[in-house]
Amino acid sequence: MNQEKIATEANDIMLVRGSHGRGRAKVTHAVVVIFLEFFAWGLLTTPMLTVLRETFPQHTFLMNGLVQGVKGLLSFLSAPLIGALSDVWGRKSFLLMTVFFTCAPIPLMRISPWWYFALISVSGIFAVTFSVIFAYVADITEEHERSTAYGLVSATFAASLVTSPAIGAYLSSKYGDSLVVLVATVIAVADIAFVFFVVPESLPDKMRLTSWGFPISWEQADPFASLRRVGKDTTVLLICVTVFLSYLPEAGQYSSFFLYLKQVIEFTPAAIAAFIAMVGILSIVAQTLFLSVLMRTIGNKKTVLLGLGFQLFQLAWYGFGSEPWMMWAAGTVAAMSSITFPAVSALVSRSASPDQQGVVQGMITGIRGLCNGLGPALYGFIFFLFNVELSDIPAPGRTPPIAEKSMIPGPPFLFGAFAVLFALLVAFFIPDHHRLADIKTCSARKSSSASTAHAQNANPLATPTSDTEDIEPLLQDSSM
């Protein structure tokens, strides 16, 4: 009878959701949102270097690190708040907000570069699309499906960068940067319109507040309180340390690697575009095909360890490699290392209760945001210490300076390899099967209980909490 009741209530819930939305939420919606957002930014890879050089002719990479650092810090501060609010008021409104503010600086690139960089810094407050997207996916998938769904979302990010930098570089060389910015703006507007008109809400009505009378507590919004709660659960602490140590070098690498290939390894622009495409295509294969196979065969934790092992090998090769063929070979390893983050996200999602998906994904995204601020500055500082010059971008027609060959051409990548080594050691201690403790504070619990009671009074279809893991998250109650 209990199973029949759950099935009947599930049916009713879907009917209610269908009557209030534009169809059932699907992973496809998340995939399209991510693809359009990062495709728009991928087009701006070449114009970004030009605007940086023109706006900050001196200390170009120092200023770039400062801008990205402010953005990353603001992302770190805001991610827990946005994640917690999306757990209560729904995902769609916050997804619309994050996409809008993340893409808002794009048209200003040619209108006013100073305002462009200022808005990029401030946009970090809402630049947490991935945390909302992963919570969105967690709402609409069963536990055993999430690793594959997260892999698909991460592969979409890689797919958006397969062709967009090359397309942007081609349009820039043929028609100028203004057209590239215009195309990127149109794609960004299309992404915002897609979220507003097409993307349905993923969080069931019974798990959302129907009024604004139950505000989020300060403990849930405070990122430092969030970090203090991290320490109360050993598994959360280990996962967060692993994410920090592995993503710090990745963020620094992303900010300077293409310029490093051009000036130190002497890649041509065409070779750089081909390199991006190769790594992107292989990353798609790794995150869709290999990730799902690995998750089924060796499990979640071992998949994370394997991804970290690939990242360690890749960074060490980047650090010691001095020839173009070495970079191409290391790029194939880099594609395999891309399985780490979706595997970590699946591990966190599997361990957290349905009403905490936004909170825990927000914590992880906040740490990544902090790394996005620290990584570029750290890499630039290490390049400076070892006299590897990255700030001199030659004018068109001039030959780039030839760097002296050294035993360690890329010192920051070697530093990153050591950081990932420590991440690998920390990840060994993550339990294979563990349900995270309730990371909300007492006041948050009271708010959650009150909101649940309110939702149950407003919606008679609310179901009691069940510990059965096979029940889809959409059918589980928000009170645990």
# chains A, B, ... in the order shown; residues from 1 in each chain; ligands from 1
>>> closest_atom_pairs(of="region 106-183 of chain A", to="region 42-65 of chain A", cutoff="7 Å", atoms="only C-alpha atoms", output="CSV")
residue,atom,partner,partner_atom,distance
A:Pro113,CA,A:Thr55,CA,6.8
A:Leu161,CA,A:Gly42,CA,5.7
A:Ser164,CA,A:Leu43,CA,4.8
A:Pro165,CA,A:Leu43,CA,5.0
A:Ile167,CA,A:Leu43,CA,6.5
A:Gly168,CA,A:Leu43,CA,4.3
A:Ala169,CA,A:Thr46,CA,5.6
A:Asp177,CA,A:Pro47,CA,5.7
A:Val180,CA,A:Leu43,CA,6.7
A:Val181,CA,A:Leu44,CA,6.9
>>> write_last_selection(atoms="N, CA and C atoms", output="CSV table (one decimal), in the first residue's frame")
chain,number,residue,atom,x,y,z
A,113,PRO,N,36.0,49.2,-22.3
A,113,PRO,CA,36.8,48.2,-21.6
A,113,PRO,C,36.9,48.3,-20.1
A,161,LEU,N,33.9,24.6,-25.9
A,161,LEU,CA,35.2,25.2,-26.2
A,161,LEU,C,35.9,24.5,-27.3
A,164,SER,N,34.6,27.2,-30.4
A,164,SER,CA,34.3,28.6,-30.2
A,164,SER,C,35.6,29.4,-30.2
A,165,PRO,N,36.7,29.0,-29.6
A,165,PRO,CA,37.9,29.9,-29.7
A,165,PRO,C,38.4,30.0,-31.1
A,167,ILE,N,36.6,29.7,-33.9
A,167,ILE,CA,35.6,30.6,-34.6
A,167,ILE,C,35.9,32.0,-34.3
A,168,GLY,N,36.0,32.3,-33.0
A,168,GLY,CA,36.3,33.7,-32.6
A,168,GLY,C,37.6,34.2,-33.2
A,169,ALA,N,38.6,33.4,-33.2
A,169,ALA,CA,39.9,33.9,-33.8
A,169,ALA,C,39.7,34.2,-35.3
A,177,ASP,N,37.3,42.5,-34.0
A,177,ASP,CA,36.8,42.0,-32.7
A,177,ASP,C,35.3,42.4,-32.4
A,180,VAL,N,32.9,39.8,-33.4
A,180,VAL,CA,33.0,38.7,-32.4
A,180,VAL,C,32.2,39.0,-31.2
A,181,VAL,N,32.3,40.2,-30.7
A,181,VAL,CA,31.6,40.6,-29.5
A,181,VAL,C,30.1,40.6,-29.8
>>> closest_residue(among="A:Ser255, A:Gln287, A:Gln68, A:Thr98", to="Ala334 (chain A)", atoms="only C-alpha atoms")
A:Gln287
>>> residues_around(residues="Val128 (chain A)", least_positions_apart="4", cutoff="12 Å", atoms="only C-alpha atoms", output="mmCIF file with N, CA, C and O atoms, in the first residue's frame")
data_model
loop_
_atom_site.group_PDB
_atom_site.id
_atom_site.type_symbol
_atom_site.label_atom_id
_atom_site.label_comp_id
_atom_site.auth_asym_id
_atom_site.auth_seq_id
_atom_site.Cartn_x
_atom_site.Cartn_y
_atom_site.Cartn_z
ATOM 1 N N ILE A 34 24.341 25.529 -20.351
ATOM 2 C CA ILE A 34 25.791 25.547 -20.187
ATOM 3 C C ILE A 34 26.495 25.756 -21.525
ATOM 4 O O ILE A 34 27.452 26.542 -21.628
ATOM 5 N N LYS A 71 36.677 38.621 -8.847
ATOM 6 C CA LYS A 71 35.531 37.829 -9.287
ATOM 7 C C LYS A 71 35.447 36.517 -8.520
ATOM 8 O O LYS A 71 34.377 36.097 -8.064
ATOM 9 N N GLY A 72 36.586 35.842 -8.370
ATOM 10 C CA GLY A 72 36.596 34.568 -7.651
ATOM 11 C C GLY A 72 36.223 34.716 -6.190
ATOM 12 O O GLY A 72 35.499 33.886 -5.631
ATOM 13 N N LEU A 73 36.716 35.789 -5.556
ATOM 14 C CA LEU A 73 36.392 36.016 -4.146
ATOM 15 C C LEU A 73 34.900 36.265 -3.967
ATOM 16 O O LEU A 73 34.270 35.716 -3.050
ATOM 17 N N LEU A 74 34.317 37.085 -4.838
ATOM 18 C CA LEU A 74 32.882 37.350 -4.744
ATOM 19 C C LEU A 74 32.064 36.091 -5.007
ATOM 20 O O LEU A 74 31.026 35.873 -4.371
ATOM 21 N N SER A 75 32.538 35.259 -5.934
ATOM 22 C CA SER A 75 31.849 33.990 -6.193
ATOM 23 C C SER A 75 31.892 33.098 -4.968
ATOM 24 O O SER A 75 30.896 32.456 -4.615
ATOM 25 N N PHE A 76 33.028 33.069 -4.311
ATOM 26 C CA PHE A 76 33.166 32.279 -3.092
ATOM 27 C C PHE A 76 32.213 32.769 -2.004
ATOM 28 O O PHE A 76 31.592 31.973 -1.290
ATOM 29 N N LEU A 77 32.067 34.092 -1.887
ATOM 30 C CA LEU A 77 31.216 34.654 -0.841
ATOM 31 C C LEU A 77 29.730 34.432 -1.124
ATOM 32 O O LEU A 77 28.938 34.275 -0.200
ATOM 33 N N SER A 78 29.346 34.425 -2.392
ATOM 34 C CA SER A 78 27.921 34.378 -2.727
ATOM 35 C C SER A 78 27.382 32.981 -2.996
ATOM 36 O O SER A 78 26.172 32.768 -2.908
ATOM 37 N N ALA A 79 28.258 32.029 -3.338
ATOM 38 C CA ALA A 79 27.787 30.705 -3.757
ATOM 39 C C ALA A 79 26.911 30.009 -2.708
ATOM 40 O O ALA A 79 25.860 29.460 -3.055
ATOM 41 N N PRO A 80 27.293 29.990 -1.415
ATOM 42 C CA PRO A 80 26.420 29.318 -0.436
ATOM 43 C C PRO A 80 25.035 29.956 -0.339
ATOM 44 O O PRO A 80 24.035 29.257 -0.192
ATOM 45 N N LEU A 81 24.979 31.292 -0.427
ATOM 46 C CA LEU A 81 23.690 31.982 -0.335
ATOM 47 C C LEU A 81 22.798 31.609 -1.511
ATOM 48 O O LEU A 81 21.625 31.255 -1.331
ATOM 49 N N ILE A 82 23.336 31.672 -2.722
ATOM 50 C CA ILE A 82 22.532 31.361 -3.899
ATOM 51 C C ILE A 82 22.113 29.901 -3.892
ATOM 52 O O ILE A 82 20.966 29.552 -4.227
ATOM 53 N N GLY A 83 23.030 29.011 -3.484
ATOM 54 C CA GLY A 83 22.680 27.595 -3.404
ATOM 55 C C GLY A 83 21.563 27.338 -2.405
ATOM 56 O O GLY A 83 20.620 26.594 -2.682
ATOM 57 N N SER A 86 18.210 28.709 -3.663
ATOM 58 C CA SER A 86 17.629 27.874 -4.714
ATOM 59 C C SER A 86 17.011 26.600 -4.145
ATOM 60 O O SER A 86 16.105 26.029 -4.744
ATOM 61 N N PHE A 94 16.993 31.544 -10.026
ATOM 62 C CA PHE A 94 18.414 31.771 -9.756
ATOM 63 C C PHE A 94 19.283 31.367 -10.951
ATOM 64 O O PHE A 94 20.357 31.942 -11.158
ATOM 65 N N LEU A 95 18.824 30.404 -11.728
ATOM 66 C CA LEU A 95 19.536 30.070 -12.959
ATOM 67 C C LEU A 95 19.470 31.246 -13.935
ATOM 68 O O LEU A 95 20.470 31.601 -14.571
ATOM 69 N N LEU A 96 18.304 31.867 -14.032
ATOM 70 C CA LEU A 96 18.150 33.046 -14.885
ATOM 71 C C LEU A 96 19.055 34.181 -14.409
ATOM 72 O O LEU A 96 19.722 34.853 -15.205
ATOM 73 N N MET A 97 19.127 34.371 -13.101
ATOM 74 C CA MET A 97 19.945 35.427 -12.532
ATOM 75 C C MET A 97 21.437 35.200 -12.795
ATOM 76 O O MET A 97 22.172 36.116 -13.207
ATOM 77 N N THR A 98 21.903 33.957 -12.571
ATOM 78 C CA THR A 98 23.328 33.676 -12.747
ATOM 79 C C THR A 98 23.750 33.791 -14.206
ATOM 80 O O THR A 98 24.815 34.343 -14.515
ATOM 81 N N VAL A 99 22.917 33.299 -15.125
ATOM 82 C CA VAL A 99 23.257 33.391 -16.553
ATOM 83 C C VAL A 99 23.262 34.849 -17.003
ATOM 84 O O VAL A 99 24.168 35.289 -17.733
ATOM 85 N N PHE A 100 22.275 35.622 -16.553
ATOM 86 C CA PHE A 100 22.196 37.032 -16.966
ATOM 87 C C PHE A 100 23.426 37.813 -16.520
ATOM 88 O O PHE A 100 24.065 38.506 -17.316
ATOM 89 N N PHE A 101 23.777 37.713 -15.248
ATOM 90 C CA PHE A 101 24.891 38.512 -14.737
ATOM 91 C C PHE A 101 26.246 37.979 -15.204
ATOM 92 O O PHE A 101 27.203 38.753 -15.333
ATOM 93 N N THR A 102 26.350 36.674 -15.464
ATOM 94 C CA THR A 102 27.601 36.143 -15.989
ATOM 95 C C THR A 102 27.854 36.655 -17.401
ATOM 96 O O THR A 102 29.009 36.935 -17.771
ATOM 97 N N CYS A 103 26.801 36.792 -18.198
ATOM 98 C CA CYS A 103 26.942 37.239 -19.592
ATOM 99 C C CYS A 103 26.844 38.753 -19.750
ATOM 100 O O CYS A 103 27.134 39.274 -20.841
ATOM 101 N N SER A 123 30.463 40.776 -11.375
ATOM 102 C CA SER A 123 29.593 39.669 -11.781
ATOM 103 C C SER A 123 29.908 38.380 -11.039
ATOM 104 O O SER A 123 29.125 37.430 -11.081
ATOM 105 N N GLY A 124 31.060 38.338 -10.368
ATOM 106 C CA GLY A 124 31.396 37.158 -9.574
ATOM 107 C C GLY A 124 30.354 36.847 -8.512
ATOM 108 O O GLY A 124 30.244 35.704 -8.056
ATOM 109 N N VAL A 132 24.102 25.934 -9.493
ATOM 110 C CA VAL A 132 22.653 25.857 -9.710
ATOM 111 C C VAL A 132 22.330 24.753 -10.713
ATOM 112 O O VAL A 132 21.356 24.005 -10.540
ATOM 113 N N ILE A 133 23.157 24.621 -11.742
ATOM 114 C CA ILE A 133 22.929 23.584 -12.759
ATOM 115 C C ILE A 133 23.051 22.196 -12.152
ATOM 116 O O ILE A 133 22.222 21.303 -12.411
ATOM 117 N N PHE A 134 24.068 21.962 -11.327
ATOM 118 C CA PHE A 134 24.238 20.640 -10.724
ATOM 119 C C PHE A 134 23.110 20.332 -9.746
ATOM 120 O O PHE A 134 22.659 19.187 -9.639
ATOM 121 N N ALA A 135 22.626 21.351 -9.018
ATOM 122 C CA ALA A 135 21.464 21.136 -8.150
ATOM 123 C C ALA A 135 20.226 20.849 -8.987
ATOM 124 O O ALA A 135 19.387 20.017 -8.613
ATOM 125 N N GLY A 358 21.536 22.122 -3.255
ATOM 126 C CA GLY A 358 22.021 23.454 -3.607
ATOM 127 C C GLY A 358 23.093 23.946 -2.657
ATOM 128 O O GLY A 358 24.050 24.609 -3.062
ATOM 129 N N GLN A 361 26.447 21.815 -3.305
ATOM 130 C CA GLN A 361 27.009 22.184 -4.604
ATOM 131 C C GLN A 361 27.482 23.630 -4.580
ATOM 132 O O GLN A 361 28.491 23.974 -5.229
ATOM 133 N N GLY A 362 26.779 24.494 -3.834
ATOM 134 C CA GLY A 362 27.217 25.879 -3.690
ATOM 135 C C GLY A 362 28.540 25.983 -2.959
ATOM 136 O O GLY A 362 29.384 26.827 -3.281
ATOM 137 N N MET A 363 28.743 25.131 -1.944
ATOM 138 C CA MET A 363 30.018 25.118 -1.231
ATOM 139 C C MET A 363 31.159 24.723 -2.153
ATOM 140 O O MET A 363 32.226 25.351 -2.169
ATOM 141 N N ILE A 364 30.937 23.673 -2.950
ATOM 142 C CA ILE A 364 31.969 23.215 -3.876
ATOM 143 C C ILE A 364 32.255 24.285 -4.923
ATOM 144 O O ILE A 364 33.421 24.585 -5.234
ATOM 145 N N THR A 365 31.195 24.899 -5.470
ATOM 146 C CA THR A 365 31.386 25.945 -6.462
ATOM 147 C C THR A 365 32.064 27.161 -5.847
ATOM 148 O O THR A 365 32.861 27.839 -6.502
ATOM 149 N N GLY A 366 31.749 27.464 -4.582
ATOM 150 C CA GLY A 366 32.408 28.577 -3.900
ATOM 151 C C GLY A 366 33.902 28.355 -3.773
ATOM 152 O O GLY A 366 34.705 29.278 -3.954
ATOM 153 N N ILE A 367 34.302 27.130 -3.463
ATOM 154 C CA ILE A 367 35.730 26.813 -3.379
ATOM 155 C C ILE A 367 36.385 26.943 -4.745
ATOM 156 O O ILE A 367 37.500 27.476 -4.878
ATOM 157 N N ARG A 368 35.692 26.498 -5.780
ATOM 158 C CA ARG A 368 36.212 26.668 -7.137
ATOM 159 C C ARG A 368 36.319 28.149 -7.492
ATOM 160 O O ARG A 368 37.267 28.568 -8.174
ATOM 161 N N GLY A 369 35.352 28.938 -7.037
ATOM 162 C CA GLY A 369 35.429 30.380 -7.275
ATOM 163 C C GLY A 369 36.623 31.005 -6.595
ATOM 164 O O GLY A 369 37.292 31.880 -7.146
ATOM 165 N N LEU A 370 36.910 30.558 -5.368
ATOM 166 C CA LEU A 370 38.091 31.039 -4.663
ATOM 167 C C LEU A 370 39.356 30.663 -5.428
ATOM 168 O O LEU A 370 40.293 31.462 -5.557
ATOM 169 N N ASN A 372 39.518 30.207 -8.637
ATOM 170 C CA ASN A 372 39.553 31.034 -9.841
ATOM 171 C C ASN A 372 40.182 32.395 -9.574
ATOM 172 O O ASN A 372 40.698 33.040 -10.502
#
>>> residues_around(residues="Gly319 (chain A)", least_positions_apart="3", cutoff="10 Å", atoms="only C-alpha atoms", output="list of chain:residue names")
A:Phe313, A:Gln314, A:Leu315, A:Ala316, A:Ser322, A:Met327, A:Met407, A:Ile408, A:Pro409, A:Gly410, A:Pro411, A:Pro412, A:Phe413, A:Leu414, A:Phe415, A:Gly416, A:Ala417
>>> select_by_dssp(residues="region 80-229 of chain A", states="helix (DSSP H, G or I)", output="PyMOL selection string")
chain A and resi 80-89+92-103+108-111+113-125+129-140+143-175+177-197+205-207+218-221+223-229
>>> residues_around(residues="region 308-311 of chain A", least_positions_apart="3", cutoff="6 Å", atoms="only C-alpha atoms", output="compact mmCIF listing (two decimals) with N, CA and C atoms, in the first residue's frame")
# COMPACT_ATOMS: atom_id res chain seq x y z
N LEU A 305 40.02 9.23 -7.84
CA LEU A 305 41.45 9.00 -7.70
C LEU A 305 42.12 8.85 -9.07
N GLN A 314 49.60 14.89 -16.14
CA GLN A 314 49.49 15.96 -17.13
C GLN A 314 50.28 17.20 -16.71
N VAL A 333 46.28 13.45 -22.02
CA VAL A 333 46.14 13.09 -20.61
C VAL A 333 45.24 14.10 -19.90
N SER A 337 41.85 13.69 -17.44
CA SER A 337 41.75 14.25 -16.08
C SER A 337 40.47 15.03 -15.88
>>> residues_around(residues="region 151-153 of chain A", least_positions_apart="4", cutoff="8 Å", atoms="only C-alpha atoms", output="count of residues only")
13
>>> atom_distance(atom1="CA of Ser338 (chain A)", atom2="CA of Gly307 (chain A)")
6.8 Å
>>> closest_residue(among="A:Ser93, A:Ser256, A:Ser283, A:Asn300", to="Tyr136 (chain A)", atoms="only C-alpha atoms")
A:Ser93
>>> atom_distance(atom1="CA of Leu179 (chain A)", atom2="CA of Trp41 (chain A)")
13.8 Å
>>> closest_residue(among="A:Leu203, A:Ala330, A:Ala377, A:Ala271", to="Ala138 (chain A)", atoms="only C-alpha atoms")
A:Leu203
